[in-house]
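Asker: You'll find upload37.tsv just under this line, and it carries TSV, C-alpha atoms.
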```tsv
chain	number	residue	atom	x	y	z
M	113	MET	CA	136.80	136.76	113.65
M	114	GLN	CA	138.31	138.91	116.33
M	115	TYR	CA	137.08	139.16	119.88
M	116	SER	CA	138.31	141.38	122.61
M	117	ALA	CA	138.66	139.89	126.06
M	118	HIS	CA	137.14	143.06	127.50
M	119	ASN	CA	134.46	143.57	124.83
M	120	PRO	CA	132.13	140.46	124.39
M	121	GLU	CA	130.48	141.80	121.21
M	122	PRO	CA	132.15	140.81	117.93
M	123	LEU	CA	133.49	143.50	115.69
M	124	ASP	CA	131.66	144.33	112.46
M	125	ILE	CA	133.52	142.36	109.82
M	126	GLN	CA	132.68	140.80	106.50
M	127	SER	CA	133.72	137.20	105.83
M	128	CYS	CA	136.33	136.64	103.16
M	129	ALA	CA	133.71	135.12	100.81
M	130	GLY	CA	131.40	138.10	101.22
M	131	GLN	CA	128.56	135.78	102.11
M	132	THR	CA	127.72	136.85	105.65
M	133	ARG	CA	127.89	140.06	107.61
M	134	ARG	CA	128.21	140.23	111.37
M	135	THR	CA	126.32	142.94	113.08
M	136	GLY	CA	126.35	142.96	116.84
M	137	SER	CA	125.83	139.31	117.82
M	138	ALA	CA	123.59	138.25	114.87
M	139	VAL	CA	124.70	136.60	111.63
M	140	ILE	CA	122.75	137.72	108.56
M	141	PRO	CA	123.15	135.29	105.63
M	142	ASP	CA	123.27	136.63	102.13
M	143	LEU	CA	119.65	136.49	100.89
M	144	ARG	CA	120.64	135.27	97.42
M	145	GLN	CA	122.63	132.37	98.84
M	146	GLN	CA	119.79	131.37	101.14
M	147	LEU	CA	117.23	131.49	98.29
M	148	ARG	CA	119.54	129.45	96.06
M	149	GLN	CA	119.96	126.81	98.79
M	150	TRP	CA	116.19	126.59	99.34
M	151	LEU	CA	115.61	126.30	95.60
M	152	ILE	CA	118.19	123.51	95.28
M	153	LEU	CA	116.70	121.65	98.28
M	154	THR	CA	113.19	122.01	96.86
M	155	ILE	CA	114.26	120.72	93.44
M	156	LEU	CA	116.12	117.77	95.00
M	157	ALA	CA	113.10	116.94	97.20
M	158	VAL	CA	110.73	116.99	94.21
M	159	ILE	CA	113.08	114.85	92.09
M	160	SER	CA	113.53	112.39	94.98
M	161	CYS	CA	109.76	112.10	95.49
M	162	LEU	CA	109.19	111.53	91.78
M	163	LEU	CA	111.92	108.89	91.56
M	164	ILE	CA	110.76	107.08	94.69
M	165	ASN	CA	107.13	107.26	93.53
M	166	HIS	CA	107.96	105.95	90.06
M	167	PHE	CA	110.61	103.34	90.84
M	168	VAL	CA	110.20	102.28	94.48
M	169	PHE	CA	106.93	102.87	96.36
M	170	GLN	CA	103.64	104.30	95.27
M	171	ILE	CA	100.26	104.59	96.96
M	172	VAL	CA	97.46	102.98	94.97
M	173	GLN	CA	93.73	102.92	95.55
M	174	VAL	CA	91.76	99.80	94.75
M	175	GLN	CA	88.69	100.39	92.61
M	176	GLY	CA	86.14	97.64	92.41
M	177	ARG	CA	85.33	94.37	94.09
M	178	SER	CA	87.50	91.92	92.15
M	179	MET	CA	89.96	91.35	95.01
M	180	LEU	CA	87.45	90.82	97.85
M	181	PRO	CA	87.94	89.59	100.55
M	182	THR	CA	91.70	90.34	100.40
M	183	LEU	CA	91.52	93.97	99.26
M	184	HIS	CA	88.52	96.27	99.55
M	185	ASP	CA	87.08	98.88	97.20
M	186	SER	CA	88.49	102.39	97.83
M	187	ASP	CA	91.16	101.20	100.26
M	188	ARG	CA	94.71	102.44	99.71
M	189	TYR	CA	97.80	100.25	99.67
M	190	PHE	CA	101.51	100.59	98.95
M	191	LEU	CA	102.77	99.34	95.61
M	192	ASN	CA	106.35	98.07	95.77
M	193	ARG	CA	107.71	98.79	92.31
M	194	LEU	CA	111.25	97.70	93.12
M	195	VAL	CA	110.51	94.13	94.21
M	196	TYR	CA	110.47	92.64	90.70
M	197	VAL	CA	113.82	94.13	89.82
M	198	LEU	CA	115.25	91.66	92.34
M	199	HIS	CA	113.18	88.59	91.38
M	200	PRO	CA	110.25	87.64	89.11
M	201	PRO	CA	106.65	87.62	90.38
M	202	HIS	CA	105.78	84.58	92.46
M	203	ARG	CA	102.58	82.54	92.58
M	204	GLY	CA	100.27	84.12	95.15
M	205	ASP	CA	101.63	87.68	94.82
M	206	VAL	CA	99.01	90.42	94.60
M	207	VAL	CA	100.15	92.73	91.80
M	208	VAL	CA	99.20	95.88	89.95
M	209	LEU	CA	99.26	95.39	86.21
M	210	LYS	CA	98.46	97.23	83.06
M	211	ASP	CA	95.29	95.54	81.82
M	212	PRO	CA	95.98	94.23	78.29
M	213	SER	CA	92.35	94.66	77.25
M	214	ASP	CA	91.92	98.39	77.95
M	215	GLY	CA	95.32	99.76	79.04
M	216	GLY	CA	93.97	100.67	82.50
M	217	TYR	CA	95.40	99.43	85.76
M	218	ALA	CA	94.13	96.41	87.66
M	219	VAL	CA	94.96	94.57	90.88
M	220	LYS	CA	95.09	90.78	90.56
M	221	ARG	CA	96.74	87.73	92.10
M	222	VAL	CA	99.44	85.76	90.27
M	223	ILE	CA	98.19	82.19	89.82
M	224	ALA	CA	100.87	80.84	87.49
M	225	GLY	CA	104.07	81.89	85.73
M	226	ALA	CA	106.13	81.14	82.64
M	227	GLY	CA	105.68	77.60	81.36
M	228	ASP	CA	102.91	76.74	83.84
M	229	ALA	CA	99.71	75.04	82.68
M	230	VAL	CA	96.50	76.30	84.30
M	231	TYR	CA	93.53	73.96	84.14
M	232	LEU	CA	90.06	75.12	85.20
M	233	LYS	CA	87.67	72.27	85.87
M	234	GLY	CA	84.71	71.70	88.15
M	235	GLY	CA	85.05	75.11	89.81
M	236	ARG	CA	88.63	74.37	90.82
M	237	VAL	CA	92.04	75.61	89.64
M	238	TYR	CA	94.89	73.22	88.84
M	239	VAL	CA	98.44	74.38	88.11
M	240	ASN	CA	100.72	71.83	86.45
M	241	GLY	CA	98.31	69.02	87.38
M	242	ARG	CA	97.98	69.91	91.09
M	243	GLN	CA	94.96	71.53	92.64
M	244	LEU	CA	95.82	75.04	93.76
M	245	VAL	CA	95.35	75.66	97.49
M	246	GLU	CA	93.79	79.11	97.82
M	247	PRO	CA	93.30	80.11	101.48
M	248	TYR	CA	92.69	83.73	100.43
M	249	LEU	CA	89.31	82.84	98.85
M	250	LEU	CA	86.05	82.80	100.75
M	251	PRO	CA	84.99	79.23	101.61
M	252	GLY	CA	82.95	77.66	98.81
M	253	THR	CA	84.29	80.00	96.08
M	254	ARG	CA	84.23	78.31	92.71
M	255	THR	CA	86.33	79.32	89.72
M	256	GLY	CA	84.58	79.11	86.39
M	257	THR	CA	85.81	79.51	82.87
M	258	CYS	CA	85.06	82.58	80.77
M	259	SER	CA	83.04	80.57	78.27
M	260	LYS	CA	80.21	78.07	78.49
M	261	ALA	CA	82.79	75.28	78.59
M	262	THR	CA	83.08	73.46	81.90
M	263	GLU	CA	86.84	73.14	81.64
M	264	GLU	CA	89.67	75.07	80.07
M	265	LEU	CA	93.46	74.71	79.73
M	266	ILE	CA	95.72	77.76	79.45
M	267	VAL	CA	99.50	77.53	79.15
M	268	CYS	CA	101.69	80.52	80.03
M	269	GLY	CA	104.43	81.34	77.56
M	270	ILE	CA	107.86	82.82	78.23
M	271	ASN	CA	107.62	85.83	80.57
M	272	GLN	CA	103.84	85.42	80.90
M	273	TYR	CA	101.71	85.25	84.03
M	274	PHE	CA	98.19	84.02	84.63
M	275	VAL	CA	96.36	86.37	87.01
M	276	MET	CA	92.91	86.31	88.63
M	277	GLY	CA	90.96	88.33	91.16
M	278	ASP	CA	90.10	86.74	94.50
M	279	ASN	CA	86.41	87.50	93.93
M	280	ARG	CA	86.16	85.00	91.07
M	281	CYS	CA	82.54	85.81	90.21
M	282	ASP	CA	83.31	89.53	89.79
M	283	SER	CA	86.76	89.63	88.22
M	284	TYR	CA	87.83	90.41	84.66
M	285	ASP	CA	91.17	88.62	84.47
M	286	SER	CA	93.36	86.13	82.56
M	287	ARG	CA	90.37	83.85	82.06
M	288	MET	CA	89.13	86.48	79.62
M	289	TYR	CA	92.28	88.11	78.19
M	290	GLY	CA	94.82	85.31	78.70
M	291	PRO	CA	98.21	85.40	80.37
M	292	VAL	CA	99.80	88.84	80.75
M	293	PRO	CA	103.37	89.66	79.72
M	294	ARG	CA	105.87	90.41	82.49
M	295	ARG	CA	106.28	93.99	81.23
M	296	ASN	CA	102.62	94.65	82.18
M	297	ILE	CA	103.25	93.88	85.87
M	298	LEU	CA	104.22	97.10	87.66
M	299	GLY	CA	104.85	95.76	91.15
M	300	ALA	CA	103.49	93.98	94.23
M	301	ILE	CA	100.88	95.28	96.65
M	302	VAL	CA	102.06	95.49	100.26
M	303	HIS	CA	99.10	94.55	102.48
```
Turn this file's structure into structure tokens for me.
Answerer:
Amino acid sequence: MQYSAHNPEPLDIQSCAGQTRRTGSAVIPDLRQQLRQWLILTILAVISCLLINHFVFQIVQVQGRSMLPTLHDSDRYFLNRLVYVLHPPHRGDVVVLKDPSDGGYAVKRVIAGAGDAVYLKGGRVYVNGRQLVEPYLLPGTRTGTCSKATEELIVCGINQYFVMGDNRCDSYDSRMYGPVPRRNILGAIVH
């Protein structure tokens, strides 16, 4: 661009790429180039949101009372979908899973993992022979079996997890449908 020491206004010139035109002191971008850039940015933003939403973080809304008092009906939480790429689910994690009985989505707590033996007896939960300490339950909460039996033993297979809701009296969980396969666990709730 050429400037005259005596004339502060730039001369009318066209850039070598033909993309901008100088008129007076204003730069007018080529409308087609600007629209193309906005379109590319919009497409990249949409793709980024979809990828982040599908593979990293997602907002989920709890429906129902099965996770009371930890999670409440209609509250929203972040689902970390990336966490189990780095390591398997751990005992105590609150997860979103694809319910094996109806294909819907459910929020439950991991009680046991692959190879663990879960024993329900006398309203208590034992994992591998040790009583499970569950500070997330309301005091006095008892855990029953899904049948009329007073005790039940369930063993998790390879890549299987035993899950239950924190509101044991109002939770449809692994006591009914058994351990869930790892592929059904979508991620961990961040609360």
Asker: Counting only C-alpha atoms, which residues have an atom no more than 10 Å from (91.9, 88.1, 90.1) in the file's coordinates? Please list them as a ChimeraX atom specification.
Answerer: /M:177-180,206-207,218-223,274-287
Asker: Could you turn the residues from that selection into a file that holds C-alpha atoms, as a tab-separated table (two decimals), in the frame of the given file?
Answerer:
```
chain	number	residue	atom	x	y	z
M	177	ARG	CA	85.33	94.37	94.09
M	178	SER	CA	87.50	91.92	92.15
M	179	MET	CA	89.96	91.35	95.01
M	180	LEU	CA	87.45	90.82	97.85
M	206	VAL	CA	99.01	90.42	94.60
M	207	VAL	CA	100.15	92.73	91.80
M	218	ALA	CA	94.13	96.41	87.66
M	219	VAL	CA	94.96	94.57	90.88
M	220	LYS	CA	95.09	90.78	90.56
M	221	ARG	CA	96.74	87.73	92.10
M	222	VAL	CA	99.44	85.76	90.27
M	223	ILE	CA	98.19	82.19	89.82
M	274	PHE	CA	98.19	84.02	84.63
M	275	VAL	CA	96.36	86.37	87.01
M	276	MET	CA	92.91	86.31	88.63
M	277	GLY	CA	90.96	88.33	91.16
M	278	ASP	CA	90.10	86.74	94.50
M	279	ASN	CA	86.41	87.50	93.93
M	280	ARG	CA	86.16	85.00	91.07
M	281	CYS	CA	82.54	85.81	90.21
M	282	ASP	CA	83.31	89.53	89.79
M	283	SER	CA	86.76	89.63	88.22
M	284	TYR	CA	87.83	90.41	84.66
M	285	ASP	CA	91.17	88.62	84.47
M	286	SER	CA	93.36	86.13	82.56
M	287	ARG	CA	90.37	83.85	82.06
```
Asker: Take the point (112.6, 97.0, 89.6) in the file's coordinates, draw a sphere of radius 9 Å around it, and report as a PyMOL selection string every protein, DNA or RNA residue with an atom inside or on it, counting all atoms listed in the file.
Answerer: chain M and resi 167-168+192-199+298-299
Asker: As an exercise, work out the distance from CA of Gly216 (chain M) to CA of Asp185 (chain M) in Å and give it to one decimal place.
Answerer: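 Interatomic distance, CA of Gly216 (chain M) to CA of Asp185 (chain M): 16.3 Å.
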Asker: Could you jot down the CA of Leu163 (chain M) to CA of Gln146 (chain M) separation for me, Å, one decimal place?
Answerer: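 Computing it gives 25.7 Å between the two atoms.
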Asker: Rounded to one decimal, what separation in Å do you get between CA of Lys210 (chain M) and CA of Ile297 (chain M)?
Answerer: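 Taking CA of Lys210 (chain M) and CA of Ile297 (chain M), their separation equals 6.5 Å.
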Asker: As a count of residues only, please: the residues near Ile266 (chain M) (cut-off 9 Å, all atoms listed in the file, same-chain neighbours under 5 positions excluded).
Answerer: 9
Asker: May I ask which of the residues M:Asp205, M:Glu246, M:Asp211, M:Glu264 is the closest one to Tyr289 (chain M), counting all atoms listed in the file?
Answerer: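 For Tyr289 (chain M), the nearest of the given residues is M:Asp211.
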